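Right, one structure below, let's go through it.
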Amino acid sequence: MVNNKYALIKEIKEYAIDNKIPIMRQDGIDFLTTFIIKHQVKNVLEIGSAIGYSAIMMSLCSPNLKVTTIERDEERYLEAIKNIKKLKLEDRITLIFNDALKTKIEGKYDLVFIDAAKAQNIKFFELFERNLTDGGFIITDNMYFHGLVHKNEKEIKSRNVRGIVRKIKDYITFLKNNDNYNTTIYDIGDGIAVSEKKARGGS
């Protein structure tokens with residue numbers, strides 16, 4: 001099964017490349033899984049399943065981890081179901097087919113992982129922080145948006161891309177000014193923000 005597992009993960013990564021589906025870069029996924037092990041995370045709420053790659057990698061790094069993940073694109077959702085079944089992780093990964101902003105989630109999670117529509121990051125954060133345990137973490141991927149966040153906006157030809165970059169910059173400001181969290185942005189993968197919820201009455 002071990003060799004089979006790695007072969008299946010390789011297949012998923014190749015499918016993502018062939019179909020131009022963005023998945024986390026290797027150094028980003030290594031950071032995320034190491035973080036989960038280090039902080040003994042038991043349950044994760046993921047916003048943006050795509051084809052299930054990151055949910056699978058998170059589940060495989062810890063035998064006790066449970067993941068709830070939301071995806072609004074039907075084709076990607078169906079592919080994620082197939083991939084999760086192939087790796088026999090149906091009992092530990094719960095897939096929800098819906099727009100995350102229209103999804104009401106019950107329960108508390110040690111980690112909320114945001115990897116969906118970048119322009120909606122603030123809305124995702126504000127909607128799902130209510131599901132975070134005290135001292136839990138919100139991790140957001142693609143903070144650099146392929147390096148474009150550090151570029152002069154005038155160099156970005158696409159108006160749509162300029163708009164997304166602006167929204168990510170707004171999100172960075174939002175995180176830095178949020179007194180309920182301590183946020184660090186790591187220069188790993190495509191930029192990863194880790195926001196730790198402060199204990200009540202703590203600094």
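So you can find residues: chains in the structure tokens are A, B, ... in the order shown, residues in each start at 1, and ligands are numbered from 1 in order.
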**OP:** List the neighbours of Asp134 (chain A) out to 9 Å using only C-alpha atoms; skip same-chain residues closer than 4 positions along the sequence, and give me the result as JSON, numbers by chain.
**Re:** {"A": [110, 197, 198, 199, 200]}
**OP:** For Leu32 (chain A), please output as a count of residues only all residues within 10 Å (counting only C-alpha atoms; exclusion window: fewer than 4 positions along the same chain).
**Re:** 16
Subject >> CA of Asn43 (chain A) to CA of Val67 (chain A), straight-line distance in Å >> reply: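 Distance between the two atoms: 5.7 Å.
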Original post:
Between A:Ser195, A:Ser62, A:Asn4, A:Thr69, which has the minimum distance to Gly135 (chain A) (counting only C-alpha atoms)?
Top reply: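 Looking only at the distances to Gly135 (chain A), the closest residue turns out to be A:Ser195.
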**OP:** Compile the contact shell of Asn64 (chain A) as an MDAnalysis selection string: residues with an atom at most 9 Å away, counting only C-alpha atoms, same-chain residues fewer than 5 positions apart removed.
**Re:** chainID A and resid 41:43 59 92
Original post:
Could you pull out all residues of chain A with a DSSP call of alpha helix (DSSP H) and give them as a ChimeraX atom specification?
Top reply: /A:2-18,26-38,53-61,74-86,121-128,159-176
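Excluding region 136-138 of chain A itself and any same-chain residue fewer than 4 positions from it, the protein and nucleic acid residues within 10 Å of it, counting only C-alpha atoms, are His39, Val41, Val44, Leu45, Glu46, Lys108, Tyr109, Asp110, Leu111, Val112, Phe113, Ile114, Phe125, Phe128, Glu129, Asn131, Leu132, Tyr181, Asn182, Thr183, Ala193, Val194, Ser195, Glu196, Lys197, Lys198 and Ala199 of chain A.
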**OP:** For Lys13 (chain A), please output as a ChimeraX atom specification all residues within 8 Å (counting only C-alpha atoms; exclusion window: fewer than 3 positions along the same chain).
**Re:** /A:9-10,16-17,23,53
Filtering to N, CA and C atoms, could you give me those residues as a compact mmCIF listing (two decimals), in the first residue's frame?
```
# COMPACT_ATOMS: atom_id res chain seq x y z
N ILE A 9 -0.54 9.51 -5.30
CA ILE A 9 -0.28 10.94 -5.07
C ILE A 9 0.40 11.55 -6.30
N LYS A 10 1.33 10.80 -6.87
CA LYS A 10 2.02 11.25 -8.10
C LYS A 10 0.99 11.44 -9.23
N ALA A 16 -3.29 17.35 -11.92
CA ALA A 16 -3.40 18.79 -11.65
C ALA A 16 -2.61 19.60 -12.67
N ILE A 17 -1.40 19.15 -12.97
CA ILE A 17 -0.55 19.85 -13.95
C ILE A 17 -1.20 19.80 -15.34
N ILE A 23 -2.54 23.45 -7.29
CA ILE A 23 -2.43 22.76 -6.01
C ILE A 23 -1.21 23.33 -5.29
N TYR A 53 -6.09 17.20 -3.15
CA TYR A 53 -4.66 16.95 -2.90
C TYR A 53 -4.23 17.36 -1.49
```
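For the pair CA of Thr133 (chain A) and CA of Ile172 (chain A), the interatomic distance is 22.2 Å.
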Subject >> Interatomic distance, CA of Ala50 (chain A) to CA of Phe97 (chain A) (Å, one decimal) >> reply: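 According to the coordinates, CA of Ala50 (chain A) and CA of Phe97 (chain A) are separated by 10.8 Å.
Residues in contact with Leu78 (chain A) at 10 Å, where only C-alpha atoms are counted and same-chain residues fewer than 2 positions away are skipped, are listed as A:Ala50, A:Ile51, A:Gly52, A:Glu71, A:Asp73, A:Glu74, A:Glu75, A:Arg76, A:Ala80, A:Ile81, A:Lys82, A:Asn83, A:Leu95, A:Phe97.
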Based on the selection just made, write N, CA and C atoms of those residues as a PDB file, in the first residue's frame.
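For reference, out27.pdb as written:
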```pdb
ATOM      1  N   ALA A  50     -10.357  21.817  -4.271  1.00  0.00           N
ATOM      2  CA  ALA A  50      -9.860  21.491  -5.630  1.00  0.00           C
ATOM      3  C   ALA A  50     -10.053  19.993  -5.845  1.00  0.00           C
ATOM      4  N   ILE A  51      -8.986  19.255  -6.153  1.00  0.00           N
ATOM      5  CA  ILE A  51      -9.151  17.817  -6.425  1.00  0.00           C
ATOM      6  C   ILE A  51      -8.744  16.952  -5.224  1.00  0.00           C
ATOM      7  N   GLY A  52      -8.681  17.584  -4.042  1.00  0.00           N
ATOM      8  CA  GLY A  52      -8.471  16.833  -2.805  1.00  0.00           C
ATOM      9  C   GLY A  52      -7.027  16.630  -2.401  1.00  0.00           C
ATOM     10  N   GLU A  71     -15.805  22.582  -1.543  1.00  0.00           N
ATOM     11  CA  GLU A  71     -15.459  22.899  -2.934  1.00  0.00           C
ATOM     12  C   GLU A  71     -16.724  23.244  -3.716  1.00  0.00           C
ATOM     13  N   ASP A  73     -16.693  23.939  -7.225  1.00  0.00           N
ATOM     14  CA  ASP A  73     -16.596  23.523  -8.627  1.00  0.00           C
ATOM     15  C   ASP A  73     -16.936  22.037  -8.719  1.00  0.00           C
ATOM     16  N   GLU A  74     -18.003  21.696  -9.452  1.00  0.00           N
ATOM     17  CA  GLU A  74     -18.496  20.315  -9.464  1.00  0.00           C
ATOM     18  C   GLU A  74     -17.484  19.325 -10.029  1.00  0.00           C
ATOM     19  N   GLU A  75     -16.831  19.713 -11.114  1.00  0.00           N
ATOM     20  CA  GLU A  75     -15.851  18.815 -11.739  1.00  0.00           C
ATOM     21  C   GLU A  75     -14.710  18.484 -10.780  1.00  0.00           C
ATOM     22  N   ARG A  76     -14.209  19.510 -10.112  1.00  0.00           N
ATOM     23  CA  ARG A  76     -13.112  19.304  -9.155  1.00  0.00           C
ATOM     24  C   ARG A  76     -13.595  18.501  -7.942  1.00  0.00           C
ATOM     25  N   ALA A  80     -12.132  15.044  -6.626  1.00  0.00           N
ATOM     26  CA  ALA A  80     -11.670  14.913  -5.237  1.00  0.00           C
ATOM     27  C   ALA A  80     -12.261  13.664  -4.583  1.00  0.00           C
ATOM     28  N   ILE A  81     -13.550  13.410  -4.819  1.00  0.00           N
ATOM     29  CA  ILE A  81     -14.202  12.208  -4.274  1.00  0.00           C
ATOM     30  C   ILE A  81     -13.467  10.953  -4.755  1.00  0.00           C
ATOM     31  N   LYS A  82     -13.185  10.913  -6.056  1.00  0.00           N
ATOM     32  CA  LYS A  82     -12.482   9.749  -6.632  1.00  0.00           C
ATOM     33  C   LYS A  82     -11.111   9.552  -5.978  1.00  0.00           C
ATOM     34  N   ASN A  83     -10.376  10.658  -5.833  1.00  0.00           N
ATOM     35  CA  ASN A  83      -9.019  10.573  -5.270  1.00  0.00           C
ATOM     36  C   ASN A  83      -9.038  10.123  -3.814  1.00  0.00           C
ATOM     37  N   LEU A  95     -16.205  15.721   2.403  1.00  0.00           N
ATOM     38  CA  LEU A  95     -16.267  16.683   1.297  1.00  0.00           C
ATOM     39  C   LEU A  95     -17.645  17.332   1.249  1.00  0.00           C
ATOM     40  N   PHE A  97     -19.968  19.844  -1.164  1.00  0.00           N
ATOM     41  CA  PHE A  97     -20.091  20.503  -2.464  1.00  0.00           C
ATOM     42  C   PHE A  97     -20.984  21.730  -2.305  1.00  0.00           C
TER      43      PHE A  97
END
```
Original post:
Which one is closest to Lys88 (chain A): A:Lys5, A:Lys20, A:Arg166, A:Lys176? Count only C-alpha atoms.
Top reply: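 Smallest separation from Lys88 (chain A) among the options: A:Lys5.
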Subject >> Given only C-alpha atoms as the counted atoms, nearest of A:Leu127, A:Leu89, A:Ala7, A:Ile122 to Lys104 (chain A) >> reply: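 Of A:Leu127, A:Leu89, A:Ala7, A:Ile122, the one nearest Lys104 (chain A) is A:Leu127, counting only C-alpha atoms.
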**OP:** List the neighbours of Asp99 (chain A) out to 10 Å using only C-alpha atoms; skip same-chain residues closer than 3 positions along the sequence, and give me the result as a list in words.
**Re:**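 Using only C-alpha atoms, the neighbours found are Ile47, Gly48, Ile70, Glu71, Arg72, Asp73, Ile96, Lys102 and Thr103 of chain A.
Nearest to Leu60 (chain A) of all the residues A:Asp170, A:Asp30, A:Glu126, A:Glu106 is A:Asp30, based on only C-alpha atoms.
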